[in-house]
Amino acid sequence: NFRTSIVNTLKVGFLVGILSTLLGLLFAYVEVYVKLGKFSGGLFKVVSMLPVVSPPFVLSLSMIMLFGRSGIITRSLLGIYDSNIYGLLGISVVQTLTFFPVCYLMLKGLLKNIDPSLEEATRDMGATRWKVFTSVTFPLLLPGLGNAFLVTFIESVADFANPMLIGGSYDTLATTIYLQVTGAYDSTGAAAMSVVLLSLTVILFLIQKYYLEKKTAATLTG
């Protein structure tokens with residue numbers, strides 16, 4: 001059970017880290033490069049920041065009430081009676097929606113700091129928007145993308161509320177530690193699992209702090 005929990009935790013961490021980074025990059029790119037109206041721009045910012053200020057259980061409860069077996073959308077609107085959002089799928093969706101604003105804030109600052117003259121020069125030379133993104137914008141964002149992924153990975157691995165509520169039988173380290181104390185009354189085993197979880201997050205933090213922060217991209221001019 002302990003080995004299964006570790007594997008499950010790593011699966012969720014990698015999946016949520018990748019999805020949150022991609023979604024945060026999309027939101028940041030739209031805000032920085034796409035001209036939005038006053039109302040749509042304000043609504044966009046509110047939607048992107050709402051998961052940060054909402055309580056931990058709100059998104060999980062919303063997913064269950066909307067898409068669960070008795071969900072408003074699945075049963076009432078679509079007539080689906082065997083909907084199952086518990087497990088890896090439910091945890092990944094909820095944690096992605098919960099943690100992507102962290103990536104969004106990090107990447108938005110990076111995109112705003114990129115010198116627009118570099119992208120303008122690339123477009124003046126005939127490059128398409130996709131070519132500009134892949135050859136200029138994306139390489140400058142790589143250190144930030146690595147940071148955003150690792151921060152989200154750590155948040156996902158350490159999260160307890162969402163896996164406990166919507167995880168079902170899909171155990172992660174955080175839920176296994178809790179159940180080991182409250183169900184099996186094995187505080188020694190729970191302490192050992194906690195050391196493993198703490199060691200994992202500390203290693204990832206050290207990688208983010210002392211390796212990725214040294215990876216910088218420089219732009220040179222004539």
# chains A, B, ... in the order shown; residues from 1 in each chain; ligands from 1
>>> residues_around(residues="region 165-175 of chain A", least_positions_apart="4", cutoff="7 Å", atoms="only C-alpha atoms", output="PyMOL selection string")
chain A and resi 5-6+8-9+60+86-88+90-91+158-161+179+197
>>> write_last_selection(atoms="all heavy atoms", output="mmCIF file, in the first residue's frame")
data_model
loop_
_atom_site.group_PDB
_atom_site.id
_atom_site.type_symbol
_atom_site.label_atom_id
_atom_site.label_comp_id
_atom_site.auth_asym_id
_atom_site.auth_seq_id
_atom_site.Cartn_x
_atom_site.Cartn_y
_atom_site.Cartn_z
ATOM 1 N N SER A 5 1.010 4.077 -2.887
ATOM 2 C CA SER A 5 0.757 5.488 -2.589
ATOM 3 C C SER A 5 1.857 6.377 -3.160
ATOM 4 O O SER A 5 1.585 7.466 -3.683
ATOM 5 C CB SER A 5 0.659 5.696 -1.077
ATOM 6 O OG SER A 5 -0.415 4.952 -0.539
ATOM 7 N N ILE A 6 3.110 5.921 -3.072
ATOM 8 C CA ILE A 6 4.215 6.705 -3.621
ATOM 9 C C ILE A 6 4.074 6.842 -5.132
ATOM 10 O O ILE A 6 4.210 7.936 -5.704
ATOM 11 C CB ILE A 6 5.569 6.055 -3.264
ATOM 12 C CG1 ILE A 6 5.805 6.105 -1.751
ATOM 13 C CG2 ILE A 6 6.707 6.749 -3.999
ATOM 14 C CD1 ILE A 6 7.079 5.419 -1.313
ATOM 15 N N ASN A 8 1.333 6.511 -6.937
ATOM 16 C CA ASN A 8 0.164 7.351 -7.222
ATOM 17 C C ASN A 8 0.485 8.832 -7.032
ATOM 18 O O ASN A 8 0.063 9.687 -7.823
ATOM 19 C CB ASN A 8 -1.002 6.954 -6.328
ATOM 20 C CG ASN A 8 -1.584 5.598 -6.680
ATOM 21 O OD1 ASN A 8 -1.289 5.043 -7.745
ATOM 22 N ND2 ASN A 8 -2.388 5.056 -5.801
ATOM 23 N N THR A 9 1.220 9.149 -5.965
ATOM 24 C CA THR A 9 1.571 10.534 -5.687
ATOM 25 C C THR A 9 2.440 11.119 -6.792
ATOM 26 O O THR A 9 2.228 12.254 -7.234
ATOM 27 C CB THR A 9 2.306 10.634 -4.336
ATOM 28 O OG1 THR A 9 1.467 10.097 -3.301
ATOM 29 C CG2 THR A 9 2.655 12.079 -4.005
ATOM 30 N N SER A 60 -13.362 20.728 -5.196
ATOM 31 C CA SER A 60 -13.710 19.302 -5.152
ATOM 32 C C SER A 60 -15.215 19.111 -4.979
ATOM 33 O O SER A 60 -15.832 18.286 -5.662
ATOM 34 C CB SER A 60 -12.961 18.610 -4.003
ATOM 35 O OG SER A 60 -11.575 18.632 -4.226
ATOM 36 N N TYR A 86 -14.185 10.205 -9.564
ATOM 37 C CA TYR A 86 -13.265 9.950 -8.463
ATOM 38 C C TYR A 86 -11.990 9.278 -8.973
ATOM 39 O O TYR A 86 -11.968 8.690 -10.047
ATOM 40 C CB TYR A 86 -13.940 9.078 -7.403
ATOM 41 C CG TYR A 86 -15.160 9.716 -6.798
ATOM 42 C CD1 TYR A 86 -16.428 9.415 -7.271
ATOM 43 C CD2 TYR A 86 -15.038 10.645 -5.769
ATOM 44 C CE1 TYR A 86 -17.556 10.014 -6.728
ATOM 45 C CE2 TYR A 86 -16.156 11.254 -5.218
ATOM 46 C CZ TYR A 86 -17.409 10.925 -5.704
ATOM 47 O OH TYR A 86 -18.518 11.529 -5.171
ATOM 48 N N GLY A 87 -10.924 9.384 -8.191
ATOM 49 C CA GLY A 87 -9.676 8.755 -8.576
ATOM 50 C C GLY A 87 -8.712 9.732 -9.223
ATOM 51 O O GLY A 87 -8.750 10.945 -8.980
ATOM 52 N N LEU A 88 -7.845 9.191 -10.078
ATOM 53 C CA LEU A 88 -6.801 9.998 -10.709
ATOM 54 C C LEU A 88 -7.370 11.146 -11.529
ATOM 55 O O LEU A 88 -6.854 12.269 -11.477
ATOM 56 C CB LEU A 88 -5.933 9.102 -11.599
ATOM 57 C CG LEU A 88 -4.819 9.795 -12.382
ATOM 58 C CD1 LEU A 88 -3.817 10.453 -11.445
ATOM 59 C CD2 LEU A 88 -4.105 8.795 -13.295
ATOM 60 N N GLY A 90 -10.310 12.814 -11.263
ATOM 61 C CA GLY A 90 -10.865 13.873 -10.430
ATOM 62 C C GLY A 90 -9.786 14.676 -9.715
ATOM 63 O O GLY A 90 -9.835 15.910 -9.683
ATOM 64 N N ILE A 91 -8.795 13.967 -9.142
ATOM 65 C CA ILE A 91 -7.712 14.667 -8.445
ATOM 66 C C ILE A 91 -6.950 15.566 -9.400
ATOM 67 O O ILE A 91 -6.641 16.725 -9.096
ATOM 68 C CB ILE A 91 -6.756 13.658 -7.781
ATOM 69 C CG1 ILE A 91 -7.475 12.837 -6.719
ATOM 70 C CG2 ILE A 91 -5.572 14.384 -7.147
ATOM 71 C CD1 ILE A 91 -6.628 11.734 -6.118
ATOM 72 N N ALA A 158 2.006 17.584 -1.858
ATOM 73 C CA ALA A 158 1.701 17.861 -0.454
ATOM 74 C C ALA A 158 0.222 18.094 -0.189
ATOM 75 O O ALA A 158 -0.185 18.199 0.973
ATOM 76 C CB ALA A 158 2.486 19.086 0.005
ATOM 77 N N ASP A 159 -0.603 18.162 -1.228
ATOM 78 C CA ASP A 159 -2.023 18.465 -1.050
ATOM 79 C C ASP A 159 -2.746 17.304 -0.376
ATOM 80 O O ASP A 159 -2.575 16.141 -0.754
ATOM 81 C CB ASP A 159 -2.661 18.747 -2.414
ATOM 82 C CG ASP A 159 -4.110 19.208 -2.278
ATOM 83 O OD1 ASP A 159 -4.439 19.813 -1.234
ATOM 84 O OD2 ASP A 159 -4.902 18.973 -3.202
ATOM 85 N N PHE A 160 -3.570 17.639 0.603
ATOM 86 C CA PHE A 160 -4.343 16.620 1.323
ATOM 87 C C PHE A 160 -5.842 16.738 1.080
ATOM 88 O O PHE A 160 -6.538 15.734 0.911
ATOM 89 C CB PHE A 160 -4.073 16.733 2.832
ATOM 90 C CG PHE A 160 -5.028 15.943 3.680
ATOM 91 C CD1 PHE A 160 -4.910 14.565 3.784
ATOM 92 C CD2 PHE A 160 -6.046 16.583 4.368
ATOM 93 C CE1 PHE A 160 -5.809 13.843 4.559
ATOM 94 C CE2 PHE A 160 -6.940 15.870 5.150
ATOM 95 C CZ PHE A 160 -6.819 14.486 5.252
ATOM 96 N N ALA A 161 -6.349 17.959 1.030
ATOM 97 C CA ALA A 161 -7.799 18.167 1.007
ATOM 98 C C ALA A 161 -8.446 17.567 -0.237
ATOM 99 O O ALA A 161 -9.422 16.809 -0.139
ATOM 100 C CB ALA A 161 -8.103 19.664 1.100
ATOM 101 N N LEU A 179 -4.796 8.338 7.106
ATOM 102 C CA LEU A 179 -5.534 7.112 7.425
ATOM 103 C C LEU A 179 -4.705 6.167 8.287
ATOM 104 O O LEU A 179 -5.266 5.386 9.064
ATOM 105 C CB LEU A 179 -5.964 6.415 6.127
ATOM 106 C CG LEU A 179 -6.972 7.182 5.276
ATOM 107 C CD1 LEU A 179 -7.225 6.457 3.962
ATOM 108 C CD2 LEU A 179 -8.283 7.371 6.035
ATOM 109 N N LEU A 197 7.639 11.723 2.482
ATOM 110 C CA LEU A 197 6.965 12.834 1.809
ATOM 111 C C LEU A 197 7.747 14.132 1.980
ATOM 112 O O LEU A 197 7.925 14.906 1.029
ATOM 113 C CB LEU A 197 5.546 12.990 2.375
ATOM 114 C CG LEU A 197 4.702 14.138 1.812
ATOM 115 C CD1 LEU A 197 4.534 14.003 0.304
ATOM 116 C CD2 LEU A 197 3.338 14.180 2.497
#
>>> residues_around(residues="Gly13 (chain A)", least_positions_apart="6", cutoff="6 Å", atoms="only C-alpha atoms", output="number ranges by chain")
A: 153, 156-157
>>> atom_distance(atom1="CA of Tyr33 (chain A)", atom2="CA of Val136 (chain A)")
14.3 Å
>>> residues_around(residues="Asn147 (chain A)", least_positions_apart="2", cutoff="9 Å", atoms="only C-alpha atoms", output="list in words")
Cys103, Met106, Leu142, Pro143, Gly144, Leu145, Phe149, Leu150, Val151, Thr152, Gln208, Lys209, Leu212 and Glu213 of chain A
>>> residues_around(residues="Thr98 (chain A)", least_positions_apart="5", cutoff="8 Å", atoms="only C-alpha atoms", output="list in words")
Pro51, Val52 and Leu59 of chain A
>>> write_last_selection(atoms="all heavy atoms", output="PDB file, in the first residue's frame")
ATOM      1  N   PRO A  51      -9.441  30.526  -8.029  1.00  0.00           N
ATOM      2  CA  PRO A  51      -9.027  29.336  -7.258  1.00  0.00           C
ATOM      3  C   PRO A  51      -8.050  29.631  -6.139  1.00  0.00           C
ATOM      4  O   PRO A  51      -7.952  28.862  -5.184  1.00  0.00           O
ATOM      5  CB  PRO A  51      -8.381  28.443  -8.332  1.00  0.00           C
ATOM      6  CG  PRO A  51      -8.970  28.887  -9.615  1.00  0.00           C
ATOM      7  CD  PRO A  51      -9.178  30.363  -9.460  1.00  0.00           C
ATOM      8  N   VAL A  52      -7.313  30.749  -6.233  1.00  0.00           N
ATOM      9  CA  VAL A  52      -6.319  31.053  -5.200  1.00  0.00           C
ATOM     10  C   VAL A  52      -7.002  31.443  -3.896  1.00  0.00           C
ATOM     11  O   VAL A  52      -6.553  31.064  -2.805  1.00  0.00           O
ATOM     12  CB  VAL A  52      -5.387  32.185  -5.680  1.00  0.00           C
ATOM     13  CG1 VAL A  52      -4.407  32.581  -4.586  1.00  0.00           C
ATOM     14  CG2 VAL A  52      -4.635  31.756  -6.926  1.00  0.00           C
ATOM     15  N   LEU A  59     -13.521  23.505  -4.820  1.00  0.00           N
ATOM     16  CA  LEU A  59     -13.438  22.958  -6.165  1.00  0.00           C
ATOM     17  C   LEU A  59     -13.802  21.478  -6.197  1.00  0.00           C
ATOM     18  O   LEU A  59     -14.475  21.016  -7.121  1.00  0.00           O
ATOM     19  CB  LEU A  59     -12.034  23.171  -6.737  1.00  0.00           C
ATOM     20  CG  LEU A  59     -11.718  24.584  -7.209  1.00  0.00           C
ATOM     21  CD1 LEU A  59     -10.265  24.704  -7.627  1.00  0.00           C
ATOM     22  CD2 LEU A  59     -12.622  24.978  -8.362  1.00  0.00           C
TER      23      LEU A  59
END
>>> select_by_dssp(residues="chain A", states="alpha helix (DSSP H)", output="PyMOL selection string")
chain A and resi 2-33+38-53+58-67+88-113+116-124+129-132+138-158+161-166+173-182+187-210
>>> residues_around(residues="Gly71 (chain A)", least_positions_apart="6", cutoff="9 Å", atoms="only C-alpha atoms", output="ChimeraX atom specification")
/A:63-65,77,80-81,83
>>> atom_distance(atom1="CA of Thr137 (chain A)", atom2="CA of Glu119 (chain A)")
7.6 Å
